[in-house]
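First the structure, in the form of structure tokens, and then the observations on it.
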Amino acid sequence: MGPFELTGRVALVTGATSGIGAATAALLAERGAHVLVAGRDRTRGEAVVAGIRDRGGRADFVAADLRTAESVRQLAGEAVGAGGGRVDILVNNAGVYPFGPTEQVPRDEVDTVYDLNVKAPFHLVAALAPAMAARGHGAIVNVSTMVAEYGVSGMALYGSSKAALNLLTKAWAAEFGPRGVRVNAVEPGPTRTESTVGMGEALDALAAEAPAGRPAAPEEIAEAIAYLASDAASFVQGAVLPADGGRTAV
Ligand code: NAP
């Protein structure tokens with residue numbers, strides 16, 4: 001088994017019904033993992049699962065709305081059940097990214113962004129990482145964003161939520177790393193997904209600022225996530241890996 005292989009591992013991917021999460025679920029399954037596809041939309045989730053099974057992979061859908069601590073805890077329990085008693089890899093990918101002037105952000109949107117982008121990963125790690133640590137191995141990958149690194153007008157709420165996730169990544173690496181659980185993050189740049197399709201030229205304009213000069217395909221972000229989830233990254237802990245076409249380097 002090569003270092004990129006994930007045979008025998010159970011991987012929970014949140015937000016796997018769409019975009020980067022769906023591409024990640026497909027890639028982890030291709031590398032041999034039993035993937036638990038999480039999201040709210042059963043139709044899209046079952047389609048992702050069917051695609052994986054058609055290619056000979058192993059996957060199951062677990063439905064969950066991640067906006068409350070209770071439902072996050074419930075997802076963790078169901079995932080452990082579906083995984084035959086354990087989750088070895090957790091990809092905290094589900095997230096929302098509404099943009100706009102600070103004074104126009106609705107109050108409930110402030111809550112939703114932090115509930116999904118910060119609190120859901122927090123509660124999932126609290127529920128799953130201790131058992132990984134008790135077994136002596138595990139990998140957690142948080143999906144952040146390049147705009148957690150610098151200030152962008154209209155992205156204060158979103159960028160700050162992912163900046164919190166970046167620090168959680170490092171703090172969890174310190175907390176769980178000594179017991180064999182590696183915790184890392186990926187910071188994607190503009191990526192063409194179901195949700196960014198509507199951004200049209202704005203996505204291209206953002207992408208044009210980077211050396212790559214184009215938006216990513218979700219599969220390119222999935223490669224970075226799968227690397228960090230695998231033994232190929234065995235000495236990588238607490239890293240926040242830009243997968244942004246070089247934007248934060250220039
Ligand atoms: P997407 O296509 O909009 O998919 C978002 C996923 O999150 C969906 O699977 C959705 O599933 C799930 N989700 C949304 N609300 C949820 C809720 N209340 N409870 C549970 N699941 C929920 O997203 P994406 O563009 O692939 O982005 C994925 C991640 O990458 C996000 O964290 C985003 O911040 C980050 N990112 C994206 C880009 C980009 O340009 N696309 C760039 C940088 C970072 P259901 O609808 O089935 O619930």
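Ligands are numbered from 1 in the order shown, chains are lettered A, B, ... in the order of the structure tokens, and residues start at 1 in each chain.
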Nearby residues, ligand 1, 6 Å, only C-alpha atoms and all ligand atoms, as a PyMOL selection string:
chain A and resi 15-21+39-41+64-67+93-97+143-145+188-196
Got a sec to tell me which of region 123-201 of chain A DSSP assigns to alpha helix (DSSP H), as a PyMOL selection string?
chain A and resi 123-135+156-176+201
Would you save the residues of that selection, restricted to N, CA, C and O atoms, as a short mmCIF file (atom, residue, chain, number, x, y, z; two decimals), in the first residue's frame?
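Resulting contents of selection-v2.cif:
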data_model
loop_
_atom_site.label_atom_id
_atom_site.label_comp_id
_atom_site.auth_asym_id
_atom_site.auth_seq_id
_atom_site.Cartn_x
_atom_site.Cartn_y
_atom_site.Cartn_z
N HIS A 123 -17.40 21.25 17.08
CA HIS A 123 -18.16 20.17 17.73
C HIS A 123 -17.82 18.80 17.14
O HIS A 123 -17.81 17.79 17.86
N LEU A 124 -17.54 18.76 15.83
CA LEU A 124 -17.19 17.47 15.20
C LEU A 124 -15.84 16.97 15.72
O LEU A 124 -15.67 15.78 16.00
N VAL A 125 -14.89 17.87 15.83
CA VAL A 125 -13.57 17.48 16.36
C VAL A 125 -13.72 17.04 17.81
O VAL A 125 -13.15 16.03 18.24
N ALA A 126 -14.52 17.78 18.58
CA ALA A 126 -14.74 17.40 19.98
C ALA A 126 -15.34 16.00 20.08
O ALA A 126 -15.03 15.23 20.99
N ALA A 127 -16.21 15.67 19.11
CA ALA A 127 -16.89 14.37 19.16
C ALA A 127 -16.02 13.23 18.63
O ALA A 127 -16.16 12.10 19.09
N LEU A 128 -15.15 13.52 17.67
CA LEU A 128 -14.45 12.42 16.98
C LEU A 128 -12.95 12.31 17.29
O LEU A 128 -12.40 11.21 17.25
N ALA A 129 -12.29 13.43 17.57
CA ALA A 129 -10.83 13.38 17.75
C ALA A 129 -10.38 12.57 18.98
O ALA A 129 -9.36 11.87 18.91
N PRO A 130 -11.11 12.65 20.12
CA PRO A 130 -10.65 11.86 21.27
C PRO A 130 -10.56 10.36 20.99
O PRO A 130 -9.61 9.70 21.43
N ALA A 131 -11.52 9.83 20.22
CA ALA A 131 -11.46 8.39 19.90
C ALA A 131 -10.30 8.11 18.94
O ALA A 131 -9.64 7.07 19.05
N MET A 132 -10.03 9.03 18.00
CA MET A 132 -8.86 8.86 17.12
C MET A 132 -7.60 8.82 18.00
O MET A 132 -6.73 7.97 17.81
N ALA A 133 -7.52 9.75 18.94
CA ALA A 133 -6.34 9.84 19.81
C ALA A 133 -6.20 8.56 20.64
O ALA A 133 -5.09 8.06 20.83
N ALA A 134 -7.32 8.03 21.10
CA ALA A 134 -7.27 6.80 21.90
C ALA A 134 -6.76 5.62 21.07
O ALA A 134 -6.06 4.74 21.58
N ARG A 135 -7.08 5.63 19.76
CA ARG A 135 -6.58 4.56 18.86
C ARG A 135 -5.15 4.83 18.41
O ARG A 135 -4.52 3.98 17.82
N ALA A 156 -15.46 40.30 5.28
CA ALA A 156 -15.05 40.34 6.69
C ALA A 156 -15.59 39.15 7.47
O ALA A 156 -14.85 38.47 8.20
N LEU A 157 -16.89 38.90 7.31
CA LEU A 157 -17.53 37.83 8.08
C LEU A 157 -16.94 36.47 7.69
O LEU A 157 -16.49 35.70 8.54
N TYR A 158 -16.93 36.21 6.39
CA TYR A 158 -16.44 34.92 5.88
C TYR A 158 -14.96 34.72 6.21
O TYR A 158 -14.58 33.69 6.78
N GLY A 159 -14.14 35.70 5.86
CA GLY A 159 -12.70 35.57 6.08
C GLY A 159 -12.36 35.36 7.55
O GLY A 159 -11.50 34.56 7.90
N SER A 160 -13.07 36.08 8.42
CA SER A 160 -12.78 35.94 9.85
C SER A 160 -13.18 34.57 10.38
O SER A 160 -12.51 34.01 11.24
N SER A 161 -14.27 34.02 9.83
CA SER A 161 -14.67 32.68 10.29
C SER A 161 -13.61 31.64 9.92
O SER A 161 -13.28 30.75 10.70
N LYS A 162 -13.04 31.77 8.73
CA LYS A 162 -12.02 30.80 8.30
C LYS A 162 -10.68 31.08 8.99
O LYS A 162 -9.87 30.16 9.18
N ALA A 163 -10.44 32.34 9.36
CA ALA A 163 -9.22 32.64 10.14
C ALA A 163 -9.32 31.94 11.49
O ALA A 163 -8.31 31.43 12.02
N ALA A 164 -10.53 31.89 12.04
CA ALA A 164 -10.72 31.14 13.30
C ALA A 164 -10.44 29.66 13.07
O ALA A 164 -9.79 29.00 13.90
N LEU A 165 -10.88 29.15 11.94
CA LEU A 165 -10.64 27.73 11.63
C LEU A 165 -9.14 27.45 11.47
O LEU A 165 -8.66 26.39 11.87
N ASN A 166 -8.41 28.40 10.91
CA ASN A 166 -6.95 28.23 10.78
C ASN A 166 -6.28 28.10 12.16
O ASN A 166 -5.40 27.28 12.36
N LEU A 167 -6.72 28.93 13.10
CA LEU A 167 -6.11 28.86 14.43
C LEU A 167 -6.54 27.59 15.15
O LEU A 167 -5.73 26.95 15.84
N LEU A 168 -7.80 27.19 14.93
CA LEU A 168 -8.25 25.91 15.51
C LEU A 168 -7.38 24.78 14.99
O LEU A 168 -7.01 23.85 15.73
N THR A 169 -7.02 24.84 13.70
CA THR A 169 -6.17 23.81 13.09
C THR A 169 -4.86 23.68 13.88
O THR A 169 -4.43 22.57 14.22
N LYS A 170 -4.24 24.81 14.18
CA LYS A 170 -2.95 24.78 14.88
C LYS A 170 -3.13 24.34 16.34
O LYS A 170 -2.33 23.57 16.88
N ALA A 171 -4.19 24.85 16.96
CA ALA A 171 -4.44 24.49 18.37
C ALA A 171 -4.75 23.00 18.50
O ALA A 171 -4.28 22.34 19.44
N TRP A 172 -5.50 22.46 17.56
CA TRP A 172 -5.81 21.03 17.60
C TRP A 172 -4.58 20.20 17.29
O TRP A 172 -4.43 19.09 17.82
N ALA A 173 -3.71 20.71 16.42
CA ALA A 173 -2.45 19.98 16.14
C ALA A 173 -1.65 19.86 17.44
O ALA A 173 -1.07 18.81 17.74
N ALA A 174 -1.65 20.94 18.23
CA ALA A 174 -0.94 20.91 19.51
C ALA A 174 -1.62 19.96 20.49
O ALA A 174 -0.97 19.24 21.25
N GLU A 175 -2.95 19.95 20.46
CA GLU A 175 -3.71 19.16 21.44
C GLU A 175 -3.73 17.66 21.12
O GLU A 175 -3.54 16.84 22.01
N PHE A 176 -3.98 17.33 19.85
CA PHE A 176 -4.17 15.92 19.49
C PHE A 176 -2.95 15.30 18.80
O PHE A 176 -2.85 14.07 18.73
N GLU A 201 -18.15 36.46 -13.69
CA GLU A 201 -16.87 37.14 -13.94
C GLU A 201 -16.16 37.55 -12.65
O GLU A 201 -14.94 37.72 -12.65
#
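Using only C-alpha atoms for every distance, the candidate list A:Arg214, A:Arg58, A:Arg31, A:Arg182 yields A:Arg182 as the residue closest to Val91 (chain A).
Within the 9 Å cut-off around Ala26 (chain A), using only C-alpha atoms and omitting residues fewer than 4 positions from it on the same chain, the listed residues are Gly21, Ala22, Glu30, Arg31, Val35, Val48, Val49, Gly51, Ile52, Gly57 and Ala222 of chain A.
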Keeping only all heavy atoms, write those residues as a PDB file, in the first residue's frame.
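Output saved as selection11.pdb:
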ATOM      1  N   GLY A  21     -16.365  19.284  -1.685  1.00  0.00           N
ATOM      2  CA  GLY A  21     -16.639  18.119  -0.833  1.00  0.00           C
ATOM      3  C   GLY A  21     -16.951  16.880  -1.656  1.00  0.00           C
ATOM      4  O   GLY A  21     -16.467  15.777  -1.341  1.00  0.00           O
ATOM      5  N   ALA A  22     -17.738  17.034  -2.715  1.00  0.00           N
ATOM      6  CA  ALA A  22     -18.088  15.889  -3.570  1.00  0.00           C
ATOM      7  C   ALA A  22     -16.836  15.364  -4.270  1.00  0.00           C
ATOM      8  O   ALA A  22     -16.630  14.143  -4.363  1.00  0.00           O
ATOM      9  CB  ALA A  22     -19.152  16.298  -4.591  1.00  0.00           C
ATOM     10  N   GLU A  30     -11.659   6.659  -4.239  1.00  0.00           N
ATOM     11  CA  GLU A  30     -10.779   6.095  -5.280  1.00  0.00           C
ATOM     12  C   GLU A  30      -9.480   5.569  -4.655  1.00  0.00           C
ATOM     13  O   GLU A  30      -8.922   4.577  -5.099  1.00  0.00           O
ATOM     14  CB  GLU A  30     -10.467   7.204  -6.275  1.00  0.00           C
ATOM     15  CG  GLU A  30      -9.930   6.760  -7.612  1.00  0.00           C
ATOM     16  CD  GLU A  30      -9.635   7.990  -8.469  1.00  0.00           C
ATOM     17  OE1 GLU A  30     -10.565   8.785  -8.735  1.00  0.00           O
ATOM     18  OE2 GLU A  30      -8.463   8.176  -8.838  1.00  0.00           O
ATOM     19  N   ARG A  31      -9.029   6.250  -3.595  1.00  0.00           N
ATOM     20  CA  ARG A  31      -7.778   5.825  -2.928  1.00  0.00           C
ATOM     21  C   ARG A  31      -8.026   4.712  -1.913  1.00  0.00           C
ATOM     22  O   ARG A  31      -7.117   4.305  -1.201  1.00  0.00           O
ATOM     23  CB  ARG A  31      -7.125   7.022  -2.250  1.00  0.00           C
ATOM     24  CG  ARG A  31      -6.826   8.151  -3.224  1.00  0.00           C
ATOM     25  CD  ARG A  31      -5.382   8.538  -3.296  1.00  0.00           C
ATOM     26  NE  ARG A  31      -5.104   9.348  -4.463  1.00  0.00           N
ATOM     27  CZ  ARG A  31      -4.715  10.628  -4.443  1.00  0.00           C
ATOM     28  NH1 ARG A  31      -4.535  11.232  -3.288  1.00  0.00           N
ATOM     29  NH2 ARG A  31      -4.472  11.276  -5.562  1.00  0.00           N
ATOM     30  N   VAL A  35     -16.097   6.069   2.409  1.00  0.00           N
ATOM     31  CA  VAL A  35     -16.411   7.485   2.593  1.00  0.00           C
ATOM     32  C   VAL A  35     -17.850   7.685   3.060  1.00  0.00           C
ATOM     33  O   VAL A  35     -18.792   7.140   2.473  1.00  0.00           O
ATOM     34  CB  VAL A  35     -16.178   8.282   1.283  1.00  0.00           C
ATOM     35  CG1 VAL A  35     -16.535   9.743   1.484  1.00  0.00           C
ATOM     36  CG2 VAL A  35     -14.721   8.161   0.844  1.00  0.00           C
ATOM     37  N   VAL A  48     -23.913  11.329  -5.258  1.00  0.00           N
ATOM     38  CA  VAL A  48     -22.463  11.242  -5.029  1.00  0.00           C
ATOM     39  C   VAL A  48     -22.089   9.810  -4.629  1.00  0.00           C
ATOM     40  O   VAL A  48     -21.129   9.230  -5.148  1.00  0.00           O
ATOM     41  CB  VAL A  48     -22.006  12.251  -3.939  1.00  0.00           C
ATOM     42  CG1 VAL A  48     -20.543  12.028  -3.560  1.00  0.00           C
ATOM     43  CG2 VAL A  48     -22.217  13.685  -4.421  1.00  0.00           C
ATOM     44  N   VAL A  49     -22.893   9.225  -3.741  1.00  0.00           N
ATOM     45  CA  VAL A  49     -22.650   7.844  -3.297  1.00  0.00           C
ATOM     46  C   VAL A  49     -22.741   6.874  -4.480  1.00  0.00           C
ATOM     47  O   VAL A  49     -21.874   6.006  -4.661  1.00  0.00           O
ATOM     48  CB  VAL A  49     -23.669   7.448  -2.196  1.00  0.00           C
ATOM     49  CG1 VAL A  49     -23.670   5.946  -1.954  1.00  0.00           C
ATOM     50  CG2 VAL A  49     -23.344   8.197  -0.900  1.00  0.00           C
ATOM     51  N   GLY A  51     -22.268   7.476  -7.636  1.00  0.00           N
ATOM     52  CA  GLY A  51     -21.107   7.675  -8.515  1.00  0.00           C
ATOM     53  C   GLY A  51     -19.889   6.930  -7.993  1.00  0.00           C
ATOM     54  O   GLY A  51     -19.145   6.292  -8.745  1.00  0.00           O
ATOM     55  N   ILE A  52     -19.676   6.994  -6.676  1.00  0.00           N
ATOM     56  CA  ILE A  52     -18.533   6.308  -6.053  1.00  0.00           C
ATOM     57  C   ILE A  52     -18.691   4.796  -6.186  1.00  0.00           C
ATOM     58  O   ILE A  52     -17.764   4.080  -6.570  1.00  0.00           O
ATOM     59  CB  ILE A  52     -18.404   6.713  -4.564  1.00  0.00           C
ATOM     60  CG1 ILE A  52     -17.931   8.172  -4.465  1.00  0.00           C
ATOM     61  CG2 ILE A  52     -17.464   5.777  -3.806  1.00  0.00           C
ATOM     62  CD1 ILE A  52     -17.961   8.763  -3.061  1.00  0.00           C
ATOM     63  N   GLY A  57     -16.088   1.961  -5.595  1.00  0.00           N
ATOM     64  CA  GLY A  57     -15.716   2.475  -4.277  1.00  0.00           C
ATOM     65  C   GLY A  57     -16.786   2.194  -3.230  1.00  0.00           C
ATOM     66  O   GLY A  57     -17.860   1.680  -3.531  1.00  0.00           O
ATOM     67  N   ALA A 222      -9.333  18.915  -4.051  1.00  0.00           N
ATOM     68  CA  ALA A 222      -9.458  17.576  -3.443  1.00  0.00           C
ATOM     69  C   ALA A 222      -8.094  16.894  -3.343  1.00  0.00           C
ATOM     70  O   ALA A 222      -7.811  16.191  -2.363  1.00  0.00           O
ATOM     71  CB  ALA A 222     -10.428  16.724  -4.263  1.00  0.00           C
TER      72      ALA A 222
END
